[in-house]
file model-v5.pdb (PDB, C-alpha atoms, pLDDT in the B column)
MODEL        1
ATOM      1  CA  MET J   1       2.095 -14.773   0.455  1.00 86.00           C
ATOM      2  CA  ASN J   2       3.693 -14.660  -2.955  1.00 89.00           C
ATOM      3  CA  TYR J   3       2.375 -11.721  -4.897  1.00 97.00           C
ATOM      4  CA  THR J   4       2.637 -11.356  -8.646  1.00 97.00           C
ATOM      5  CA  ASN J   5       4.921  -8.532  -9.711  1.00 97.00           C
ATOM      6  CA  ALA J   6       1.893  -6.382 -10.604  1.00 97.00           C
ATOM      7  CA  GLU J   7       0.282  -7.055  -7.213  1.00 97.00           C
ATOM      8  CA  PHE J   8       3.491  -6.194  -5.406  1.00 98.00           C
ATOM      9  CA  ARG J   9       3.894  -2.976  -7.410  1.00 97.00           C
ATOM     10  CA  SER J  10       0.313  -2.084  -6.461  1.00 97.00           C
ATOM     11  CA  ILE J  11       1.152  -2.518  -2.778  1.00 98.00           C
ATOM     12  CA  LEU J  12       4.246  -0.344  -3.151  1.00 98.00           C
ATOM     13  CA  TYR J  13       2.400   2.359  -5.079  1.00 97.00           C
ATOM     14  CA  GLY J  14      -0.609   2.163  -2.803  1.00 97.00           C
ATOM     15  CA  HIS J  15       1.563   2.770   0.238  1.00 98.00           C
ATOM     16  CA  GLY J  16       3.265   5.721  -1.406  1.00 97.00           C
ATOM     17  CA  PHE J  17       6.492   4.010  -2.424  1.00 97.00           C
ATOM     18  CA  GLY J  18       7.445   4.553  -6.067  1.00 93.00           C
ATOM     19  CA  TYR J  19       5.376   5.650  -9.020  1.00 89.00           C
ATOM     20  CA  ALA J  20       4.245   4.384 -12.392  1.00 84.00           C
ATOM     21  CA  PRO J  21       6.832   5.272 -15.055  1.00 81.00           C
ATOM     22  CA  GLU J  22       4.107   6.215 -17.529  1.00 82.00           C
ATOM     23  CA  PRO J  23       0.628   7.644 -16.846  1.00 83.00           C
ATOM     24  CA  ASP J  24      -1.728   4.917 -15.701  1.00 85.00           C
ATOM     25  CA  PRO J  25      -5.437   5.625 -15.148  1.00 87.00           C
ATOM     26  CA  SER J  26      -5.743   2.726 -12.683  1.00 93.00           C
ATOM     27  CA  PHE J  27      -2.837   3.936 -10.496  1.00 94.00           C
ATOM     28  CA  PRO J  28      -2.031   2.926  -7.771  1.00 96.00           C
ATOM     29  CA  VAL J  29      -3.216  -0.453  -9.035  1.00 96.00           C
ATOM     30  CA  SER J  30      -0.620  -1.756 -11.463  1.00 95.00           C
ATOM     31  CA  SER J  31      -0.925  -4.175 -14.346  1.00 93.00           C
ATOM     32  CA  ASN J  32       2.852  -4.162 -14.859  1.00 94.00           C
ATOM     33  CA  ASN J  33       3.931  -7.748 -14.351  1.00 96.00           C
ATOM     34  CA  ARG J  34       7.481  -7.229 -15.643  1.00 96.00           C
ATOM     35  CA  PRO J  35      10.367  -8.194 -13.341  1.00 98.00           C
ATOM     36  CA  LEU J  36      10.866  -6.019 -10.259  1.00 97.00           C
ATOM     37  CA  THR J  37      14.306  -4.972 -11.441  1.00 97.00           C
ATOM     38  CA  ASP J  38      13.796  -1.546 -13.028  1.00 96.00           C
ATOM     39  CA  LYS J  39      15.301   1.395 -11.136  1.00 96.00           C
ATOM     40  CA  ILE J  40      11.953   2.909 -10.069  1.00 95.00           C
ATOM     41  CA  THR J  41      10.773  -0.382  -8.578  1.00 97.00           C
ATOM     42  CA  VAL J  42      14.087  -1.274  -6.920  1.00 98.00           C
ATOM     43  CA  ASP J  43      14.191   2.192  -5.338  1.00 98.00           C
ATOM     44  CA  ALA J  44      10.584   1.785  -4.165  1.00 98.00           C
ATOM     45  CA  ILE J  45      11.382  -1.622  -2.660  1.00 98.00           C
ATOM     46  CA  LYS J  46      14.358  -0.097  -0.854  1.00 98.00           C
ATOM     47  CA  GLU J  47      12.161   2.708   0.531  1.00 98.00           C
ATOM     48  CA  PHE J  48       9.588   0.133   1.658  1.00 98.00           C
ATOM     49  CA  GLN J  49      12.280  -2.006   3.284  1.00 98.00           C
ATOM     50  CA  ALA J  50      13.852   0.967   5.067  1.00 98.00           C
ATOM     51  CA  TYR J  51      10.494   2.191   6.341  1.00 98.00           C
ATOM     52  CA  PHE J  52       9.579  -1.247   7.695  1.00 98.00           C
ATOM     53  CA  GLN J  53      13.100  -1.834   9.075  1.00 98.00           C
ATOM     54  CA  LEU J  54      13.937  -4.748   6.825  1.00 98.00           C
ATOM     55  CA  LYS J  55      17.258  -5.508   5.180  1.00 98.00           C
ATOM     56  CA  VAL J  56      17.534  -2.883   2.441  1.00 98.00           C
ATOM     57  CA  ASP J  57      18.591  -4.749  -0.695  1.00 98.00           C
ATOM     58  CA  GLY J  58      15.917  -3.795  -3.238  1.00 98.00           C
ATOM     59  CA  ILE J  59      14.824  -7.422  -3.637  1.00 98.00           C
ATOM     60  CA  ALA J  60      11.245  -8.516  -2.974  1.00 97.00           C
ATOM     61  CA  GLY J  61      12.231 -11.647  -1.077  1.00 97.00           C
ATOM     62  CA  PRO J  62      10.156 -13.650   1.419  1.00 97.00           C
ATOM     63  CA  LYS J  63      10.540 -11.206   4.331  1.00 97.00           C
ATOM     64  CA  THR J  64       9.631  -8.222   2.160  1.00 98.00           C
ATOM     65  CA  MET J  65       6.628 -10.083   0.734  1.00 97.00           C
ATOM     66  CA  ALA J  66       5.502 -11.068   4.252  1.00 98.00           C
ATOM     67  CA  LYS J  67       5.796  -7.455   5.405  1.00 98.00           C
ATOM     68  CA  ALA J  68       3.776  -6.332   2.369  1.00 98.00           C
ATOM     69  CA  GLU J  69       1.015  -8.773   3.315  1.00 98.00           C
ATOM     70  CA  GLN J  70       1.090  -7.559   6.922  1.00 98.00           C
ATOM     71  CA  ALA J  71       1.005  -3.908   5.815  1.00 98.00           C
ATOM     72  CA  MET J  72      -2.009  -4.645   3.605  1.00 98.00           C
ATOM     73  CA  ARG J  73      -3.858  -6.413   6.399  1.00 97.00           C
ATOM     74  CA  VAL J  74      -3.247  -3.476   8.763  1.00 97.00           C
ATOM     75  CA  LEU J  75      -4.298  -0.913   6.154  1.00 98.00           C
ATOM     76  CA  GLN J  76      -7.484  -2.767   5.260  1.00 98.00           C
ATOM     77  CA  ASP J  77      -8.357  -3.475   8.903  1.00 97.00           C
ATOM     78  CA  ASN J  78      -7.887   0.202   9.753  1.00 98.00           C
ATOM     79  CA  LEU J  79     -10.068   1.264   6.810  1.00 98.00           C
ATOM     80  CA  ASN J  80     -12.745  -1.170   7.978  1.00 98.00           C
ATOM     81  CA  ARG J  81     -12.599   0.216  11.528  1.00 97.00           C
ATOM     82  CA  VAL J  82     -12.549   3.889  10.640  1.00 98.00           C
ATOM     83  CA  ILE J  83     -14.827   4.219   7.606  1.00 98.00           C
ATOM     84  CA  LYS J  84     -16.570   0.825   7.634  1.00 97.00           C
ATOM     85  CA  ALA J  85     -15.077   0.066   4.209  1.00 97.00           C
ATOM     86  CA  GLY J  86     -16.238  -3.557   4.151  1.00 97.00           C
ATOM     87  CA  LEU J  87     -12.941  -4.831   2.749  1.00 97.00           C
ATOM     88  CA  PRO J  88     -12.571  -8.631   2.922  1.00 94.00           C
ATOM     89  CA  GLN J  89     -10.250  -9.934   5.624  1.00 89.00           C
ATOM     90  CA  ASN J  90      -8.740 -12.661   3.425  1.00 92.00           C
ATOM     91  CA  GLN J  91      -7.642 -10.572   0.412  1.00 94.00           C
ATOM     92  CA  PRO J  92      -4.529  -8.551   1.342  1.00 96.00           C
ATOM     93  CA  PHE J  93      -4.250  -6.893  -2.064  1.00 95.00           C
ATOM     94  CA  TYR J  94      -4.153  -3.249  -3.118  1.00 97.00           C
ATOM     95  CA  GLY J  95      -6.809  -3.427  -5.746  1.00 96.00           C
ATOM     96  CA  PRO J  96      -9.790  -1.327  -6.820  1.00 97.00           C
ATOM     97  CA  LYS J  97     -11.729  -1.893  -3.544  1.00 97.00           C
ATOM     98  CA  THR J  98      -8.816  -0.774  -1.385  1.00 98.00           C
ATOM     99  CA  THR J  99      -8.149   2.179  -3.684  1.00 97.00           C
ATOM    100  CA  ALA J 100     -11.812   3.220  -3.443  1.00 98.00           C
ATOM    101  CA  ALA J 101     -11.732   2.921   0.364  1.00 98.00           C
ATOM    102  CA  VAL J 102      -8.555   5.017   0.582  1.00 98.00           C
ATOM    103  CA  LYS J 103     -10.152   7.655  -1.676  1.00 98.00           C
ATOM    104  CA  ASP J 104     -13.216   7.686   0.586  1.00 98.00           C
ATOM    105  CA  PHE J 105     -10.993   8.184   3.639  1.00 98.00           C
ATOM    106  CA  GLU J 106      -9.046  10.933   1.866  1.00 98.00           C
ATOM    107  CA  ARG J 107     -12.290  12.752   0.949  1.00 98.00           C
ATOM    108  CA  ARG J 108     -13.649  12.517   4.486  1.00 98.00           C
ATOM    109  CA  TYR J 109     -10.468  13.734   6.152  1.00 98.00           C
ATOM    110  CA  GLY J 110      -9.370  16.447   3.732  1.00 97.00           C
ATOM    111  CA  TYR J 111      -6.467  14.813   1.903  1.00 97.00           C
ATOM    112  CA  THR J 112      -5.660  14.947  -1.789  1.00 96.00           C
ATOM    113  CA  VAL J 113      -7.857  12.227  -3.275  1.00 96.00           C
ATOM    114  CA  ASP J 114      -5.555   9.923  -5.215  1.00 95.00           C
ATOM    115  CA  GLY J 115      -6.115   6.512  -3.630  1.00 96.00           C
ATOM    116  CA  VAL J 116      -2.556   6.389  -2.260  1.00 97.00           C
ATOM    117  CA  ALA J 117      -2.248   5.631   1.440  1.00 98.00           C
ATOM    118  CA  ASN J 118       1.000   7.565   1.832  1.00 97.00           C
ATOM    119  CA  LEU J 119       2.714   7.956   5.194  1.00 97.00           C
ATOM    120  CA  GLU J 120       0.642  10.969   6.258  1.00 98.00           C
ATOM    121  CA  VAL J 121      -2.636   9.231   5.379  1.00 98.00           C
ATOM    122  CA  ARG J 122      -1.559   5.987   7.096  1.00 98.00           C
ATOM    123  CA  ARG J 123      -0.535   7.813  10.273  1.00 97.00           C
ATOM    124  CA  ARG J 124      -3.909   9.555  10.530  1.00 98.00           C
ATOM    125  CA  LEU J 125      -5.733   6.338   9.717  1.00 98.00           C
ATOM    126  CA  ASN J 126      -3.740   4.440  12.385  1.00 97.00           C
ATOM    127  CA  GLU J 127      -4.509   7.139  14.941  1.00 98.00           C
ATOM    128  CA  LEU J 128      -8.242   7.023  14.203  1.00 98.00           C
ATOM    129  CA  ALA J 129      -8.265   3.198  14.208  1.00 97.00           C
ATOM    130  CA  ARG J 130      -6.631   3.162  17.654  1.00 96.00           C
ATOM    131  CA  GLN J 131      -9.309   5.552  18.920  1.00 95.00           C
ATOM    132  CA  ALA J 132     -12.036   3.373  17.429  1.00 88.00           C
ATOM    133  CA  ALA J 133     -10.678   0.202  19.070  1.00 79.00           C
TER     134      ALA J 133
ENDMDL
END

call {"tool": "encode", "arguments": {"input": "model-v5.pdb", "output": "structure tokens"}}
result
Amino acid sequence: MNYTNAEFRSILYGHGFGYAPEPDPSFPVSSNNRPLTDKITVDAIKEFQAYFQLKVDGIAGPKTMAKAEQAMRVLQDNLNRVIKAGLPQNQPFYGPKTTAAVKDFERRYGYTVDGVANLEVRRRLNELARQAA
């Protein structure tokens, strides 16, 4: 899948990689469609690539985009299994619905409610999804 730059930033932010350079009330959903070449974004891409054991080059190429899609599908599937979020199977985007589902999970399981599925949140979610399977 080829994501727009804003969609890809949303996936990065939503997974806890990087941050918005200026306050953004819709964070982790980004509307920033500028090139993915600023330092914050390149560093976030590198963190994402390292975490998912991809070539760490800071470029959102085809393999990084494919991994982002896979990560979104896993996250949304796990949210559907654990909290019955009702997220669509064919929309691997980190948008308002996914943010709301992550916030719901965070509330239920005692995390800071920010809509960011950081590593700690994802690990707990994965554990609970495995138990539910």

call {"tool": "closest_residue", "arguments": {"input": "model-v5.pdb", "among": "J:Gly110, J:Val82, J:Val74, J:Asn118", "to": "Gln131 (chain J)", "atoms": "all atoms listed in the file"}}
result
J:Val82

call {"tool": "closest_residue", "arguments": {"input": "model-v5.pdb", "among": "J:Asp24, J:Lys97, J:Leu125, J:Phe8", "to": "Lys67 (chain J)", "atoms": "only C-alpha atoms"}}
result
J:Phe8

call {"tool": "closest_residue", "arguments": {"input": "model-v5.pdb", "among": "J:Val121, J:Ile11, J:Ala44, J:Val116", "to": "Ala66 (chain J)", "atoms": "all atoms listed in the file"}}
result
J:Ile11

call {"tool": "resolve_selection", "arguments": {"input": "model-v5.pdb", "expression": "the PyMOL selection byres ((chain J and resi 87) around 9)", "output": "list of chain:residue names"}}
result
J:Gln76, J:Asp77, J:Leu79, J:Asn80, J:Lys84, J:Ala85, J:Gly86, J:Pro88, J:Gln89, J:Asn90, J:Gln91, J:Lys97, J:Thr98, J:Ala101

call {"tool": "closest_residue", "arguments": {"input": "model-v5.pdb", "among": "J:Val42, J:Leu36, J:Ile59, J:Leu128", "to": "Phe17 (chain J)", "atoms": "all atoms listed in the file"}}
result
J:Val42

call {"tool": "atom_distance", "arguments": {"input": "model-v5.pdb", "atom1": "CA of Lys63 (chain J)", "atom2": "CA of Tyr13 (chain J)"}}
result
18.4 Å

call {"tool": "atom_distance", "arguments": {"input": "model-v5.pdb", "atom1": "CA of Gln70 (chain J)", "atom2": "CA of Pro25 (chain J)"}}
result
26.5 Å

call {"tool": "atom_distance", "arguments": {"input": "model-v5.pdb", "atom1": "CA of Thr37 (chain J)", "atom2": "CA of Tyr94 (chain J)"}}
result
20.3 Å

call {"tool": "residues_around", "arguments": {"input": "model-v5.pdb", "residues": "Gly58 (chain J)", "least_positions_apart": "2", "cutoff": "10 Å", "atoms": "only C-alpha atoms", "output": "JSON, numbers by chain"}}
result
{"J": [36, 37, 39, 41, 42, 43, 44, 45, 46, 47, 48, 49, 50, 55, 56, 60, 61, 64]}

call {"tool": "resolve_selection", "arguments": {"input": "model-v5.pdb", "expression": "the PyMOL selection byres ((chain J and resi 114) around 10)", "output": "VMD selection string"}}
result
chain J and resid 14 27 to 28 99 to 100 102 to 104 106 to 107 111 to 113 115 to 118

call {"tool": "closest_residue", "arguments": {"input": "model-v5.pdb", "among": "J:Arg73, J:Arg123, J:Arg81, J:Arg34", "to": "Thr4 (chain J)", "atoms": "all atoms listed in the file"}}
result
J:Arg34

call {"tool": "closest_residue", "arguments": {"input": "model-v5.pdb", "among": "J:Gly95, J:Tyr51, J:Asn78, J:Arg122", "to": "Arg9 (chain J)", "atoms": "all atoms listed in the file"}}
result
J:Gly95
